[in-house]
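**Student:** Here you go, this is entry.pdb (PDB, N, CA and C atoms and all ligand atoms).
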```pdb
ATOM      1  N   MET A   9      10.896  -5.680 -33.688
ATOM      2  CA  MET A   9      10.400  -5.011 -32.480
ATOM      3  C   MET A   9      11.578  -4.476 -31.674
ATOM      4  N   LEU A  10      11.374  -3.340 -31.060
ATOM      5  CA  LEU A  10      12.399  -2.712 -30.226
ATOM      6  C   LEU A  10      12.844  -3.677 -29.123
ATOM      7  N   LYS A  11      14.160  -3.753 -28.881
ATOM      8  CA  LYS A  11      14.687  -4.678 -27.875
ATOM      9  C   LYS A  11      14.071  -4.431 -26.495
ATOM     10  N   ALA A  12      13.885  -3.165 -26.162
ATOM     11  CA  ALA A  12      13.289  -2.832 -24.857
ATOM     12  C   ALA A  12      11.881  -3.414 -24.735
ATOM     13  N   LYS A  13      11.159  -3.495 -25.844
ATOM     14  CA  LYS A  13       9.812  -4.075 -25.816
ATOM     15  C   LYS A  13       9.882  -5.591 -25.680
ATOM     16  N   LYS A  14      10.834  -6.193 -26.377
ATOM     17  CA  LYS A  14      10.998  -7.652 -26.279
ATOM     18  C   LYS A  14      11.369  -8.043 -24.860
ATOM     19  N   ASN A  15      12.249  -7.257 -24.240
ATOM     20  CA  ASN A  15      12.729  -7.575 -22.893
ATOM     21  C   ASN A  15      11.617  -7.600 -21.851
ATOM     22  N   VAL A  16      10.571  -6.821 -22.077
ATOM     23  CA  VAL A  16       9.476  -6.774 -21.100
ATOM     24  C   VAL A  16       8.239  -7.534 -21.595
ATOM     25  N   ASN A  17       8.410  -8.267 -22.718
ATOM     26  CA  ASN A  17       7.305  -9.085 -23.255
ATOM     27  C   ASN A  17       6.074  -8.229 -23.563
ATOM     28  N   TYR A  18       6.306  -7.174 -24.291
ATOM     29  CA  TYR A  18       5.233  -6.257 -24.698
ATOM     30  C   TYR A  18       4.266  -7.000 -25.620
ATOM     31  N   ARG A  19       2.977  -6.912 -25.338
ATOM     32  CA  ARG A  19       1.984  -7.709 -26.076
ATOM     33  C   ARG A  19       0.606  -7.082 -25.921
ATOM     34  N   ARG A  20      -0.378  -7.696 -26.576
ATOM     35  CA  ARG A  20      -1.756  -7.226 -26.460
ATOM     36  C   ARG A  20      -2.236  -7.424 -25.017
ATOM     37  N   GLY A  21      -2.951  -6.434 -24.492
ATOM     38  CA  GLY A  21      -3.401  -6.511 -23.109
ATOM     39  C   GLY A  21      -4.805  -7.054 -22.970
ATOM     40  N   SER A  22      -5.368  -6.876 -21.805
ATOM     41  CA  SER A  22      -6.726  -7.339 -21.537
ATOM     42  C   SER A  22      -7.523  -6.158 -20.997
ATOM     43  N   ARG A  23      -8.779  -6.380 -20.716
ATOM     44  CA  ARG A  23      -9.599  -5.293 -20.196
ATOM     45  C   ARG A  23      -9.081  -4.798 -18.850
ATOM     46  N   ARG A  24      -8.568  -5.697 -18.039
ATOM     47  CA  ARG A  24      -8.094  -5.336 -16.701
ATOM     48  C   ARG A  24      -6.665  -4.829 -16.684
ATOM     49  N   ALA A  25      -5.820  -5.411 -17.525
ATOM     50  CA  ALA A  25      -4.400  -5.051 -17.526
ATOM     51  C   ALA A  25      -4.002  -4.524 -18.888
ATOM     52  N   LYS A  26      -3.819  -3.232 -18.969
ATOM     53  CA  LYS A  26      -3.391  -2.611 -20.223
ATOM     54  C   LYS A  26      -2.643  -1.327 -19.894
ATOM     55  N   CYS A  27      -1.872  -0.897 -20.861
ATOM     56  CA  CYS A  27      -1.001   0.259 -20.643
ATOM     57  C   CYS A  27      -1.745   1.474 -20.091
ATOM     58  N   SER A  28      -2.940   1.711 -20.588
ATOM     59  CA  SER A  28      -3.660   2.910 -20.135
ATOM     60  C   SER A  28      -4.011   2.850 -18.648
ATOM     61  N   HIS A  29      -3.900   1.669 -18.014
ATOM     62  CA  HIS A  29      -4.144   1.539 -16.579
ATOM     63  C   HIS A  29      -2.849   1.475 -15.776
ATOM     64  N   CYS A  30      -1.733   1.569 -16.461
ATOM     65  CA  CYS A  30      -0.427   1.354 -15.818
ATOM     66  C   CYS A  30       0.173   2.680 -15.341
ATOM     67  N   LYS A  31       0.860   2.626 -14.236
ATOM     68  CA  LYS A  31       1.451   3.856 -13.688
ATOM     69  C   LYS A  31       2.625   4.364 -14.531
ATOM     70  N   HIS A  32       3.170   3.524 -15.406
ATOM     71  CA  HIS A  32       4.294   3.931 -16.257
ATOM     72  C   HIS A  32       3.843   4.547 -17.580
ATOM     73  N   TYR A  33       2.549   4.580 -17.806
ATOM     74  CA  TYR A  33       1.993   5.051 -19.079
ATOM     75  C   TYR A  33       2.006   6.577 -19.171
ATOM     76  N   VAL A  34       2.466   7.077 -20.306
ATOM     77  CA  VAL A  34       2.462   8.518 -20.572
ATOM     78  C   VAL A  34       1.570   8.724 -21.803
ATOM     79  N   SER A  35       0.392   9.274 -21.581
ATOM     80  CA  SER A  35      -0.597   9.355 -22.666
ATOM     81  C   SER A  35      -0.276  10.436 -23.691
ATOM     82  N   GLU A  36       0.377  11.506 -23.249
ATOM     83  CA  GLU A  36       0.648  12.593 -24.194
ATOM     84  C   GLU A  36       2.108  13.031 -24.099
ATOM     85  N   TYR A  37       2.974  12.135 -24.522
ATOM     86  CA  TYR A  37       4.405  12.466 -24.561
ATOM     87  C   TYR A  37       4.639  13.497 -25.669
ATOM     88  N   ARG A  38       5.332  14.544 -25.346
ATOM     89  CA  ARG A  38       5.574  15.635 -26.298
ATOM     90  C   ARG A  38       6.763  15.269 -27.197
ATOM     91  N   ILE A  39       6.517  15.133 -28.497
ATOM     92  CA  ILE A  39       7.548  14.718 -29.439
ATOM     93  C   ILE A  39       8.152  15.944 -30.117
ATOM     94  N   THR A  40       9.471  16.082 -29.944
ATOM     95  CA  THR A  40      10.183  17.191 -30.575
ATOM     96  C   THR A  40      11.381  16.619 -31.339
ATOM     97  N   LEU A  41      11.884  17.382 -32.264
ATOM     98  CA  LEU A  41      13.005  16.935 -33.080
ATOM     99  C   LEU A  41      14.210  17.832 -32.820
ATOM    100  N   ASP A  42      15.247  17.250 -32.181
ATOM    101  CA  ASP A  42      16.451  18.017 -31.836
ATOM    102  C   ASP A  42      17.138  18.589 -33.072
ATOM    103  N   LEU A  43      17.124  17.836 -34.174
ATOM    104  CA  LEU A  43      17.801  18.293 -35.397
ATOM    105  C   LEU A  43      17.219  19.610 -35.915
ATOM    106  N   LEU A  44      15.963  19.854 -35.561
ATOM    107  CA  LEU A  44      15.315  21.098 -36.007
ATOM    108  C   LEU A  44      15.052  22.015 -34.814
ATOM    109  N   ASP A  45      16.073  22.162 -33.977
ATOM    110  CA  ASP A  45      15.999  23.062 -32.815
ATOM    111  C   ASP A  45      14.811  22.763 -31.911
ATOM    112  N   GLY A  46      14.539  21.490 -31.717
ATOM    113  CA  GLY A  46      13.463  21.111 -30.812
ATOM    114  C   GLY A  46      12.080  21.373 -31.358
ATOM    115  N   MET A  47      11.949  21.319 -32.668
ATOM    116  CA  MET A  47      10.647  21.575 -33.313
ATOM    117  C   MET A  47       9.597  20.594 -32.790
ATOM    118  N   TYR A  48       8.452  21.126 -32.428
ATOM    119  CA  TYR A  48       7.354  20.319 -31.886
ATOM    120  C   TYR A  48       6.652  19.568 -33.017
ATOM    121  N   LEU A  49       6.550  18.242 -32.860
ATOM    122  CA  LEU A  49       5.941  17.421 -33.914
ATOM    123  C   LEU A  49       4.587  16.841 -33.520
ATOM    124  N   GLY A  50       4.243  17.000 -32.261
ATOM    125  CA  GLY A  50       2.959  16.453 -31.812
ATOM    126  C   GLY A  50       3.133  15.638 -30.550
ATOM    127  N   THR A  51       2.140  14.855 -30.219
ATOM    128  CA  THR A  51       2.220  14.013 -29.026
ATOM    129  C   THR A  51       2.054  12.549 -29.421
ATOM    130  N   GLY A  52       2.511  11.671 -28.543
ATOM    131  CA  GLY A  52       2.380  10.238 -28.769
ATOM    132  C   GLY A  52       2.329   9.520 -27.439
ATOM    133  N   GLN A  53       1.919   8.259 -27.477
ATOM    134  CA  GLN A  53       1.856   7.460 -26.255
ATOM    135  C   GLN A  53       3.221   6.815 -26.016
ATOM    136  N   ARG A  54       3.711   6.900 -24.773
ATOM    137  CA  ARG A  54       5.007   6.331 -24.443
ATOM    138  C   ARG A  54       4.941   5.642 -23.092
ATOM    139  N   CYS A  55       6.011   4.921 -22.804
ATOM    140  CA  CYS A  55       6.117   4.175 -21.543
ATOM    141  C   CYS A  55       7.414   4.565 -20.860
ATOM    142  N   ALA A  56       7.346   4.860 -19.572
ATOM    143  CA  ALA A  56       8.540   5.258 -18.829
ATOM    144  C   ALA A  56       9.523   4.111 -18.685
ATOM    145  N   VAL A  57       9.067   2.861 -18.780
ATOM    146  CA  VAL A  57       9.950   1.693 -18.673
ATOM    147  C   VAL A  57      10.633   1.435 -20.017
ATOM    148  N   ILE A  58       9.876   1.424 -21.097
ATOM    149  CA  ILE A  58      10.422   1.143 -22.431
ATOM    150  C   ILE A  58      11.290   2.306 -22.902
ATOM    151  N   GLY A  59      10.893   3.520 -22.581
ATOM    152  CA  GLY A  59      11.720   4.662 -22.937
ATOM    153  C   GLY A  59      10.901   5.847 -23.383
ATOM    154  N   LEU A  60      11.239   6.999 -22.838
ATOM    155  CA  LEU A  60      10.572   8.241 -23.236
ATOM    156  C   LEU A  60      11.420   8.889 -24.314
ATOM    157  N   GLN A  61      11.245   8.376 -25.522
ATOM    158  CA  GLN A  61      12.026   8.828 -26.670
ATOM    159  C   GLN A  61      11.074   9.214 -27.798
ATOM    160  N   PRO A  62      11.488  10.124 -28.668
ATOM    161  CA  PRO A  62      10.598  10.577 -29.729
ATOM    162  C   PRO A  62      10.407   9.567 -30.868
ATOM    163  N   GLY A  63      11.350   8.650 -31.051
ATOM    164  CA  GLY A  63      11.273   7.717 -32.175
ATOM    165  C   GLY A  63       9.995   6.893 -32.186
ATOM    166  N   ARG A  64       9.525   6.595 -33.412
ATOM    167  CA  ARG A  64       8.274   5.844 -33.551
ATOM    168  C   ARG A  64       8.345   4.455 -32.917
ATOM    169  N   MET A  65       9.543   3.868 -32.901
ATOM    170  CA  MET A  65       9.685   2.521 -32.327
ATOM    171  C   MET A  65       9.367   2.503 -30.838
ATOM    172  N   TYR A  66       9.448   3.661 -30.204
ATOM    173  CA  TYR A  66       9.146   3.748 -28.776
ATOM    174  C   TYR A  66       7.657   3.944 -28.509
ATOM    175  N   GLY A  67       6.891   4.127 -29.550
ATOM    176  CA  GLY A  67       5.456   4.307 -29.393
ATOM    177  C   GLY A  67       4.790   3.058 -28.839
ATOM    178  N   ILE A  68       3.846   3.245 -27.950
ATOM    179  CA  ILE A  68       3.092   2.115 -27.414
ATOM    180  C   ILE A  68       1.607   2.355 -27.675
ATOM    181  N   THR A  69       0.817   1.325 -27.397
ATOM    182  CA  THR A  69      -0.613   1.393 -27.632
ATOM    183  C   THR A  69      -1.338   1.170 -26.316
ATOM    184  N   ALA A  70      -2.379   1.960 -26.066
ATOM    185  CA  ALA A  70      -3.078   1.922 -24.777
ATOM    186  C   ALA A  70      -3.640   0.551 -24.430
ATOM    187  N   ASP A  71      -3.960  -0.270 -25.439
ATOM    188  CA  ASP A  71      -4.588  -1.568 -25.143
ATOM    189  C   ASP A  71      -3.580  -2.710 -25.056
ATOM    190  N   HIS A  72      -2.267  -2.387 -25.018
ATOM    191  CA  HIS A  72      -1.254  -3.425 -24.859
ATOM    192  C   HIS A  72      -0.812  -3.487 -23.394
ATOM    193  N   VAL A  73       0.114  -4.381 -23.099
ATOM    194  CA  VAL A  73       0.585  -4.564 -21.718
ATOM    195  C   VAL A  73       1.971  -5.208 -21.770
ATOM    196  N   CYS A  74       2.648  -5.275 -20.642
ATOM    197  CA  CYS A  74       3.928  -5.995 -20.585
ATOM    198  C   CYS A  74       4.120  -6.540 -19.170
ATOM    199  N   ASP A  75       5.247  -7.238 -18.964
ATOM    200  CA  ASP A  75       5.510  -7.873 -17.674
ATOM    201  C   ASP A  75       5.770  -6.870 -16.556
ATOM    202  N   ARG A  76       6.000  -5.604 -16.890
ATOM    203  CA  ARG A  76       6.275  -4.586 -15.867
ATOM    204  C   ARG A  76       5.024  -3.797 -15.483
ATOM    205  N   PHE A  77       3.877  -4.273 -15.894
ATOM    206  CA  PHE A  77       2.620  -3.576 -15.603
ATOM    207  C   PHE A  77       2.418  -3.374 -14.108
ATOM    208  N   VAL A  78       2.074  -2.152 -13.725
ATOM    209  CA  VAL A  78       1.681  -1.838 -12.351
ATOM    210  C   VAL A  78       0.402  -1.014 -12.430
ATOM    211  N   ASP A  79      -0.650  -1.536 -11.881
ATOM    212  CA  ASP A  79      -1.950  -0.863 -11.943
ATOM    213  C   ASP A  79      -1.867   0.480 -11.208
ATOM    214  N   ARG A  80      -2.119   1.562 -11.903
ATOM    215  CA  ARG A  80      -1.975   2.884 -11.265
ATOM    216  C   ARG A  80      -3.078   3.165 -10.261
ATOM    217  N   PHE A  81      -4.159   2.404 -10.293
ATOM    218  CA  PHE A  81      -5.250   2.607  -9.347
ATOM    219  C   PHE A  81      -4.992   1.887  -8.018
ATOM    220  N   THR A  82      -4.319   0.738  -8.109
ATOM    221  CA  THR A  82      -4.048  -0.032  -6.895
ATOM    222  C   THR A  82      -2.563  -0.108  -6.566
ATOM    223  N   CYS A  83      -1.692   0.290  -7.532
ATOM    224  CA  CYS A  83      -0.223   0.185  -7.406
ATOM    225  C   CYS A  83       0.236  -1.253  -7.178
ATOM    226  N   LYS A  84      -0.527  -2.220  -7.694
ATOM    227  CA  LYS A  84      -0.133  -3.626  -7.612
ATOM    228  C   LYS A  84       0.254  -4.132  -8.980
ATOM    229  N   ALA A  85       1.316  -4.951  -9.016
ATOM    230  CA  ALA A  85       1.705  -5.580 -10.278
ATOM    231  C   ALA A  85       0.675  -6.647 -10.599
ATOM    232  N   GLY A  86       0.482  -6.896 -11.849
ATOM    233  CA  GLY A  86      -0.474  -7.927 -12.239
ATOM    234  C   GLY A  86      -0.534  -8.086 -13.721
ATOM    235  N   ARG A  87      -1.335  -9.026 -14.179
ATOM    236  CA  ARG A  87      -1.476  -9.288 -15.614
ATOM    237  C   ARG A  87      -2.906  -9.196 -16.027
TER
HETATM  238  S1  LIG A 101       5.264  -0.742 -18.141
HETATM  239 FE1  LIG A 101       4.329  -2.159 -19.634
HETATM  240  S2  LIG A 101       2.139  -2.090 -19.135
HETATM  241 FE2  LIG A 101       3.090  -0.278 -18.213
HETATM  242  S3  LIG A 101       2.880   1.373 -19.747
HETATM  243 FE3  LIG A 101       4.874   0.375 -20.062
HETATM  244  S4  LIG A 101       4.486  -1.180 -21.643
HETATM  245 FE4  LIG A 101       2.510  -0.599 -20.783
END
```
Would you mind giving the structure from this file in structure tokens?
**Tutor:**
Amino acid sequence: MLKAKKNVNYRRGSRRAKCSHCKHYVSEYRITLDLLDGMYLGTGQRCAVIGLQPGRMYGITADHVCDRFVDRFTCKAGR
């Protein structure tokens, strides 16, 4: 697992606390490849805390959560 994910205790979430409810969640991160002049490869789910990077290891899942969760509806940290 990516070190950045381990550091924030990235894990399966719950109905109330999950990435898709978090203010750091990016649902459609645009993935491009610099080696091919920024060729567009599609979109993926990413987290602003773990890293907005194109690599697959940075991919997150909407139903997971971590210790840095902040509810985007209430802006309160929680689990
Ligand atoms: S900060 Fe944690 S809960 Fe929020 S989107 Fe990133 S991994 Fe998910």
**Student:** In file coordinates, which residues lie within 7 Å of (2.1, 4.3, -23.3) using only N, CA and C atoms, given as a list in words?
**Tutor:**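 All residues meeting the 7 Å criterion around (2.1, 4.3, -23.3) are Cys27, Ser28, His32, Tyr33, Val34, Ser35, Gly52, Gln53, Arg54, Cys55, Ala56, Gly67, Ile68, Thr69 and Ala70 of chain A.
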**Student:** Which residues, named as in the file, does the PyMOL selection byres (((chain A and resi 77) around 7) and not hetatm) pick out? Answer as a PDB file with N, CA and C atoms, keeping the file's coordinate frame.
**Tutor:**
```pdb
ATOM      1  N   CYS A  30      -1.733   1.569 -16.461  1.00  0.00           N
ATOM      2  CA  CYS A  30      -0.427   1.354 -15.818  1.00  0.00           C
ATOM      3  C   CYS A  30       0.173   2.680 -15.341  1.00  0.00           C
ATOM      4  N   LYS A  31       0.860   2.626 -14.236  1.00  0.00           N
ATOM      5  CA  LYS A  31       1.451   3.856 -13.688  1.00  0.00           C
ATOM      6  C   LYS A  31       2.625   4.364 -14.531  1.00  0.00           C
ATOM      7  N   VAL A  73       0.114  -4.381 -23.099  1.00  0.00           N
ATOM      8  CA  VAL A  73       0.585  -4.564 -21.718  1.00  0.00           C
ATOM      9  C   VAL A  73       1.971  -5.208 -21.770  1.00  0.00           C
ATOM     10  N   CYS A  74       2.648  -5.275 -20.642  1.00  0.00           N
ATOM     11  CA  CYS A  74       3.928  -5.995 -20.585  1.00  0.00           C
ATOM     12  C   CYS A  74       4.120  -6.540 -19.170  1.00  0.00           C
ATOM     13  N   ASP A  75       5.247  -7.238 -18.964  1.00  0.00           N
ATOM     14  CA  ASP A  75       5.510  -7.873 -17.674  1.00  0.00           C
ATOM     15  C   ASP A  75       5.770  -6.870 -16.556  1.00  0.00           C
ATOM     16  N   ARG A  76       6.000  -5.604 -16.890  1.00  0.00           N
ATOM     17  CA  ARG A  76       6.275  -4.586 -15.867  1.00  0.00           C
ATOM     18  C   ARG A  76       5.024  -3.797 -15.483  1.00  0.00           C
ATOM     19  N   VAL A  78       2.074  -2.152 -13.725  1.00  0.00           N
ATOM     20  CA  VAL A  78       1.681  -1.838 -12.351  1.00  0.00           C
ATOM     21  C   VAL A  78       0.402  -1.014 -12.430  1.00  0.00           C
ATOM     22  N   ASP A  79      -0.650  -1.536 -11.881  1.00  0.00           N
ATOM     23  CA  ASP A  79      -1.950  -0.863 -11.943  1.00  0.00           C
ATOM     24  C   ASP A  79      -1.867   0.480 -11.208  1.00  0.00           C
ATOM     25  N   LYS A  84      -0.527  -2.220  -7.694  1.00  0.00           N
ATOM     26  CA  LYS A  84      -0.133  -3.626  -7.612  1.00  0.00           C
ATOM     27  C   LYS A  84       0.254  -4.132  -8.980  1.00  0.00           C
ATOM     28  N   ALA A  85       1.316  -4.951  -9.016  1.00  0.00           N
ATOM     29  CA  ALA A  85       1.705  -5.580 -10.278  1.00  0.00           C
ATOM     30  C   ALA A  85       0.675  -6.647 -10.599  1.00  0.00           C
ATOM     31  N   GLY A  86       0.482  -6.896 -11.849  1.00  0.00           N
ATOM     32  CA  GLY A  86      -0.474  -7.927 -12.239  1.00  0.00           C
ATOM     33  C   GLY A  86      -0.534  -8.086 -13.721  1.00  0.00           C
ATOM     34  N   ARG A  87      -1.335  -9.026 -14.179  1.00  0.00           N
ATOM     35  CA  ARG A  87      -1.476  -9.288 -15.614  1.00  0.00           C
ATOM     36  C   ARG A  87      -2.906  -9.196 -16.027  1.00  0.00           C
TER      37      ARG A  87
END
```
**Student:** Could you give me the residues within chain A that DSSP places in strand (DSSP E or B), as a list in words?
**Tutor:**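 In chain A, DSSP puts these residues in strand (DSSP E or B): Arg19, Arg20, Cys30, Tyr33, Val34, Ser35, Glu36, Tyr37, Arg38, Ile39, Thr40, Leu41, Met47, Tyr48, Leu49, Gly50, Thr51, Gly52, Gln53, Arg54, Cys55, Gly59, His72, Val73, Val78, Asp79 and Ala85 of chain A.
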**Student:** Grab all the atoms of region 21-33 of chain A that the file lists, wrap them in a box along x, y and z, add 4 Å per side, and give me centre plus edge lengths in Å (one decimal) as JSON.
**Tutor:**
```
{"center_x": -2.7, "center_y": -0.4, "center_z": -19.1, "size_x": 21.9, "size_y": 21.9, "size_z": 18.8}
```
**Student:** Find the distance between atom C of Arg23 (chain A) and atom N of Gly50 (chain A) and write it in Å to one decimal.
**Tutor:** 28.9 Å
**Student:** Would you mind reading off the distance between atom N of Leu41 (chain A) and atom N of Arg20 (chain A), one decimal, in Å?
**Tutor:** 28.5 Å
**Student:** Tell me which of A:His29, A:Arg19, A:Lys13, A:Arg24 sits closest to Arg80 (chain A), counting only N, CA and C atoms.
**Tutor:** A:His29
**Student:** Nearest to Pro62 (chain A) among A:Ile39, A:Val16, A:Leu44, A:Ala25, with distances taken over only N, CA and C atoms: which residue is it?
**Tutor:** A:Ile39
**Student:** Check the smallest atom-to-atom distance from each of A:Arg64, A:Tyr48, A:Thr40, A:Ala12 to ligand LIG 101 (chain A) using only C-alpha atoms and all ligand atoms, then report the winner.
**Tutor:**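 Comparing A:Arg64, A:Tyr48, A:Thr40, A:Ala12 against ligand LIG 101 (chain A), the winner is A:Ala12.
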**Student:** Could you give me, as number ranges by chain, each residue of region 32-78 of chain A that DSSP assigns to helix (DSSP H, G or I) when run on this structure's backbone?
**Tutor:** A: 42-44, 64-66
